[in-house]
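Engineer: Pasting a structure below so you can have a look.
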Amino acid sequence: MTTTETTAKAPSRWPLRGLLLRRLRDGVIVLWLVVTVIFFLAHVVGNPALVFAPVDATDEHIAEIHRQFGLDRPVLERYWEYLVGLVRLDFGESTWQQRPAIDAVVEALPSTIILTVVGLGVAAVLGVIPGVVAGARARKPFDKVSNLASVTALSVPNFWLGLLLILMFGVQLGWLPTSGRFEATSIVLPAATLGIVHGGRIFQLVRSATFEEMSKPYVTVARSKGLTEWNILHRHVVRNTGVTTATIVGWEYVRMWGGAVFAIEYVFAWPGIGLLTIDAAHRQDFFVLQAAVIIAGAFVIFSNLLIDMGYQYIDRRITAS
Amino acid sequence: MSTQPLLEVEDLHVTFRTASGPVHAVDGVSFSMAPGASLGVIGESGSGKSVTARALLRLFSITDDVQISGAVHFDGQDLLRIDERRLRHVRGGQIGMIFQDPLTSLNPLMAVGEQIAESLRLHRGMGRSEAASEAVELLARVGIADPDQRATELPSSFSGGMRQRVMISLAIACRPRLLIADEPTTALDVTVQAEILLLLDELRRSEGMALMLITHDFGVVAATCSDVQVMYAGKLVERASMAHLFERANHPYTEGLLRLVPRFENTHTGRLHPIPGQPPITGGGGSSCAFAPRCSHAIDRCRSEVPPEVAVGPEHLSACWLAADRAKDTTEAGRPWSRSP
């Protein structure tokens, strides 16, 4: 109640403070839920001692490993311990790498950031420009063709598209590396895969935003003034959909972190946080798995918050003036 | 008819192709306007009056699948046949247009001065600063106080009436020879309505431009126009001078519309007399008078043949099988709309 009162007041120097505080609180709650779910999922389903022990280990040997990892204690006790550790930014020790789990995540993070930023660049180019043109020329041949292409791009499973590109440009043509991150060109195929899949979605959203804007009466008025379609598009429509487009691209970046990047990194053995997560899950390296999911989750939550705040800020400035 | 007409529309047909089949919104409309004339086009929603106006400049939304035929002669060229480049020169430069809803007609994110200047730079070849100062002049011309400041503001800081003034200044910016106003006052308060009509009339006289005013309100036409044409289901059913039409409305539809204008003289009848029934959704294409189903005077012929336009007086045409008889009738009886039916 108090927060709504503060936002209802005359615009202060920090007009979004109330909203920001509420979103931060919500973000922390969501993050706690993520931690809880991933912790119990891992600890109830898996048993790292079994994975870690040699094939011929005896039951006693396994029980010994269990004790070493502290897995013999009640799960709620371990959960509480873990939460307390998190508050001190202690993410636990990796069972496989024999070092703090957070170190493994921090090491993998730059690779993922590079891949997603380049992938988003490709997606934005593939999605925004054709999206604007198709929306402005709705139901014309270009719209129909590009619409079909984008629906195909966003419906195809991303890992399958990745494999297809590997077959074509890696195996058949031999132009590009298909695995790991050893050369500068290693990024081309995974970034292209990400770009195509997400570009398809960006295209759809930008197209419909442009189309909607083009259907507004002021566009007919602009036409009645004798403006060319090109002038109408770049002087009026694209300017007015700019904020929406930026938001669409921002959301798509967040979506990458929530999904495609995991499958793509795995297919291309890209040493990022996605590959780390999947490997950690296979090895039942709980603390690395948890650290990776929490960091990725935090990234998604706070990117969302940033985009939201940015949008609100611009939107309020527009409606206020 | 001594002067060369400014605008001459011949047998205009406009058909929208929709999912549920073609809709003939305008069905063979012909008329002309002299330079500086003021013509009111009146009719119910869906009568094709707005579509007629839009067809003159081929101004349709990207979503409309529309087919136009006929001819629109303006300034020695057929607007339906010239290429896009020359049409753009006419749009805004020779023919200005004002739309119904001033709230959505302006770009919400562009300063109003800039929106006016855009036209000036395009058609009058002005530079940035020259266009900006001319835009301020134009805002002052349409009665906006403090135009210097207002020119820099966004449409959201203007009231409905003020936005329509901005729209008018935008439409007259390049001194067009014809101004088309499509229901310019429908979305406005009554008091604001009168101001806008006064402004339009005053501008028409001072700028020497012709005015085509589209409306469903006889009061609006009476205040502004010297000639009227009545549209029904995509056709012109009657045309005359304003004074003549008020005195001697011939077509039963016009008569019905006039009866709907509340007047002090006939308040003693206690109520208005609506025309029974609804106008057809798809006009034209039929082999009968489109108004016949709602007409209390209809005879058999009305249901089997399309009535031609008949001259019933000096420059007074009516598309009705009974036009000649009714012309005699109305002369004797005086104002048909002031009688109780």
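Chains: A, B, ... in order of the structure tokens. Residues: from 1 per chain. Ligands: from 1, in order shown.
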Tell me as a list in words which residues belonging to chain A come within 9 Å of chain B, counting only C-alpha atoms.

Structural biologist: Ala136, Arg137, Ala138, Arg139, Phe211, Met214, Ser215, Lys216, Pro217, Tyr218, Val219, Thr220, Val221, Ala222, Arg223, Ser224, Lys225, Gly226, Leu227, Thr228, His236, Arg239, Asn240, Ile318, Thr319, Ala320 and Ser321 of chain A

Engineer: Got a sec: who's within 12 Å of Val192 of chain B, counting only C-alpha atoms, leaving out chain neighbours fewer than 2 positions off, as a PyMOL selection string?

Structural biologist: chain B and resi 159-165+184-190+194-199

Engineer: For Arg207 of chain A, which of A:Ile65, A:Ile129, A:Val44, A:Ala104 is the closest residue, counting only C-alpha atoms?

Structural biologist: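 The closest residue to Arg207 of chain A is A:Ile129.
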
Engineer: Please compute the atom CA of Ala260 of chain A-atom CA of Thr247 of chain A distance, one decimal, in Å.

Structural biologist: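 Calculated distance between atom CA of Ala260 of chain A and atom CA of Thr247 of chain A is 19.1 Å.
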
Engineer: Using only C-alpha atoms, can you tell me which of A:Ser208, A:Ser146, A:Asn47, A:Ser94 comes closest to Leu71 of chain A?

Structural biologist: A:Asn47

Engineer: Write out as a ChimeraX atom specification the residues lying within 9 Å of Leu213 of chain B, counting only C-alpha atoms and excluding same-chain residues fewer than 6 positions away.

Structural biologist: /B:38-42,179-184,220-221,224-225

Engineer: Applying 10 Å and only C-alpha atoms, which residues near Gln278 of chain B remain after dropping the ones on its own chain fewer than 4 positions away? List them as number ranges by chain.

Structural biologist: B: 44, 291, 293-294

Engineer: Which value, in Å to one decimal, gives the distance between atom CA of Gln284 of chain A and atom CA of Pro48 of chain A?

Structural biologist: 5.0 Å

Engineer: In Å to one decimal, how far is atom CA of Pro141 of chain A from atom CA of Ala191 of chain A?

Structural biologist: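 Interatomic distance here is 28.6 Å.
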
Engineer: What's the 12 Å shell around Leu24 of chain A, counting only C-alpha atoms, without same-chain residues fewer than 2 positions away, as a PyMOL selection string?

Structural biologist: chain A and resi 16-22+26-31+298+301-306+308-309

Engineer: Could you save those same residues with N, CA and C atoms as a PDB file, in the first residue's frame?

Structural biologist:
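Below is the file again-v5.pdb, written as the result:
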```pdb
ATOM      1  N   LEU A  16      10.788   5.913 -10.517  1.00  0.00           N
ATOM      2  CA  LEU A  16      10.541   4.471 -10.610  1.00  0.00           C
ATOM      3  C   LEU A  16      10.996   3.736  -9.353  1.00  0.00           C
ATOM      4  N   ARG A  17      11.324   4.487  -8.288  1.00  0.00           N
ATOM      5  CA  ARG A  17      11.912   3.831  -7.127  1.00  0.00           C
ATOM      6  C   ARG A  17      10.992   2.774  -6.534  1.00  0.00           C
ATOM      7  N   GLY A  18       9.725   3.144  -6.370  1.00  0.00           N
ATOM      8  CA  GLY A  18       8.776   2.194  -5.786  1.00  0.00           C
ATOM      9  C   GLY A  18       8.696   0.922  -6.608  1.00  0.00           C
ATOM     10  N   LEU A  19       8.572   1.100  -7.923  1.00  0.00           N
ATOM     11  CA  LEU A  19       8.470  -0.040  -8.832  1.00  0.00           C
ATOM     12  C   LEU A  19       9.741  -0.881  -8.770  1.00  0.00           C
ATOM     13  N   LEU A  20      10.885  -0.195  -8.764  1.00  0.00           N
ATOM     14  CA  LEU A  20      12.171  -0.889  -8.739  1.00  0.00           C
ATOM     15  C   LEU A  20      12.293  -1.739  -7.484  1.00  0.00           C
ATOM     16  N   LEU A  21      11.912  -1.169  -6.349  1.00  0.00           N
ATOM     17  CA  LEU A  21      12.019  -1.905  -5.089  1.00  0.00           C
ATOM     18  C   LEU A  21      11.125  -3.144  -5.104  1.00  0.00           C
ATOM     19  N   ARG A  22       9.906  -2.970  -5.629  1.00  0.00           N
ATOM     20  CA  ARG A  22       8.987  -4.113  -5.688  1.00  0.00           C
ATOM     21  C   ARG A  22       9.548  -5.219  -6.586  1.00  0.00           C
ATOM     22  N   ASP A  26      10.618  -9.055  -5.709  1.00  0.00           N
ATOM     23  CA  ASP A  26      10.105 -10.198  -6.464  1.00  0.00           C
ATOM     24  C   ASP A  26      11.250 -11.025  -7.035  1.00  0.00           C
ATOM     25  N   GLY A  27      12.294 -10.340  -7.520  1.00  0.00           N
ATOM     26  CA  GLY A  27      13.438 -11.039  -8.102  1.00  0.00           C
ATOM     27  C   GLY A  27      14.104 -11.947  -7.088  1.00  0.00           C
ATOM     28  N   VAL A  28      14.277 -11.427  -5.866  1.00  0.00           N
ATOM     29  CA  VAL A  28      14.914 -12.221  -4.816  1.00  0.00           C
ATOM     30  C   VAL A  28      14.057 -13.446  -4.487  1.00  0.00           C
ATOM     31  N   ILE A  29      12.744 -13.262  -4.437  1.00  0.00           N
ATOM     32  CA  ILE A  29      11.853 -14.386  -4.137  1.00  0.00           C
ATOM     33  C   ILE A  29      11.961 -15.457  -5.226  1.00  0.00           C
ATOM     34  N   VAL A  30      11.955 -15.015  -6.494  1.00  0.00           N
ATOM     35  CA  VAL A  30      12.046 -15.967  -7.602  1.00  0.00           C
ATOM     36  C   VAL A  30      13.365 -16.728  -7.529  1.00  0.00           C
ATOM     37  N   LEU A  31      14.436 -15.985  -7.230  1.00  0.00           N
ATOM     38  CA  LEU A  31      15.746 -16.612  -7.143  1.00  0.00           C
ATOM     39  C   LEU A  31      15.768 -17.670  -6.035  1.00  0.00           C
ATOM     40  N   ALA A 298      19.810 -15.715 -12.044  1.00  0.00           N
ATOM     41  CA  ALA A 298      19.954 -14.338 -11.582  1.00  0.00           C
ATOM     42  C   ALA A 298      20.127 -13.409 -12.771  1.00  0.00           C
ATOM     43  N   ILE A 301      16.735 -12.907 -14.399  1.00  0.00           N
ATOM     44  CA  ILE A 301      15.841 -12.088 -13.577  1.00  0.00           C
ATOM     45  C   ILE A 301      16.250 -10.621 -13.627  1.00  0.00           C
ATOM     46  N   PHE A 302      17.556 -10.358 -13.528  1.00  0.00           N
ATOM     47  CA  PHE A 302      17.957  -8.959 -13.467  1.00  0.00           C
ATOM     48  C   PHE A 302      17.990  -8.301 -14.843  1.00  0.00           C
ATOM     49  N   SER A 303      18.193  -9.104 -15.888  1.00  0.00           N
ATOM     50  CA  SER A 303      18.062  -8.521 -17.230  1.00  0.00           C
ATOM     51  C   SER A 303      16.618  -8.103 -17.460  1.00  0.00           C
ATOM     52  N   ASN A 304      15.696  -8.976 -17.088  1.00  0.00           N
ATOM     53  CA  ASN A 304      14.268  -8.656 -17.193  1.00  0.00           C
ATOM     54  C   ASN A 304      13.965  -7.342 -16.502  1.00  0.00           C
ATOM     55  N   LEU A 305      14.500  -7.246 -15.290  1.00  0.00           N
ATOM     56  CA  LEU A 305      14.248  -6.058 -14.484  1.00  0.00           C
ATOM     57  C   LEU A 305      14.776  -4.809 -15.177  1.00  0.00           C
ATOM     58  N   LEU A 306      15.976  -4.923 -15.747  1.00  0.00           N
ATOM     59  CA  LEU A 306      16.572  -3.780 -16.444  1.00  0.00           C
ATOM     60  C   LEU A 306      15.718  -3.359 -17.629  1.00  0.00           C
ATOM     61  N   ASP A 308      12.573  -3.960 -18.185  1.00  0.00           N
ATOM     62  CA  ASP A 308      11.312  -3.440 -17.682  1.00  0.00           C
ATOM     63  C   ASP A 308      11.446  -1.992 -17.229  1.00  0.00           C
ATOM     64  N   MET A 309      12.498  -1.739 -16.469  1.00  0.00           N
ATOM     65  CA  MET A 309      12.732  -0.388 -15.958  1.00  0.00           C
ATOM     66  C   MET A 309      12.987   0.570 -17.113  1.00  0.00           C
TER      67      MET A 309
END
```

Engineer: Would you mind listing what lies within 12 Å of Gly127 of chain A as a PyMOL selection string, with only C-alpha atoms counted and same-chain residues fewer than 4 positions away left out?

Structural biologist: chain A and resi 119-123+131-135+146-147+149-151+153-154+195-208+245-246+248-249+252

Engineer: May I ask which of the residues A:Trp80, A:Phe262, A:Phe286, A:Phe299 is the closest one to Ala101 of chain A, counting only C-alpha atoms?

Structural biologist: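 That would be A:Phe286, the residue with the smallest distance to Ala101 of chain A.
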
Engineer: When you look at Val14 of chain B with a cut-off of 10 Å (counting only C-alpha atoms), what residues show up, excluding the ones that are within fewer than 5 positions of it in the same chain? I need them as a PyMOL selection string.

Structural biologist: chain B and resi 23-29+48+51-52+54-55+66-70+234

Engineer: Which residue is closest to Ile144 of chain B? Choose from B:Phe246, B:Phe158, B:Phe16, B:Phe31 and count only C-alpha atoms.

Structural biologist: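 Smallest separation from Ile144 of chain B among the options: B:Phe158.
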
Engineer: Please return as an MDAnalysis selection string: the residues of segment 153-301 of chain B that backbone DSSP assigns to alpha helix (DSSP H).

Structural biologist: chainID B and resid 160:171 190:207 218:224 242:248 252:259 300:301

Engineer: So, with only C-alpha atoms as the atoms that count, which of A:Asp103, A:Thr210, A:Ile62, A:Tyr266 lies closest to Leu163 of chain A?

Structural biologist: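 Counting only C-alpha atoms, the residue closest to Leu163 of chain A is A:Tyr266.
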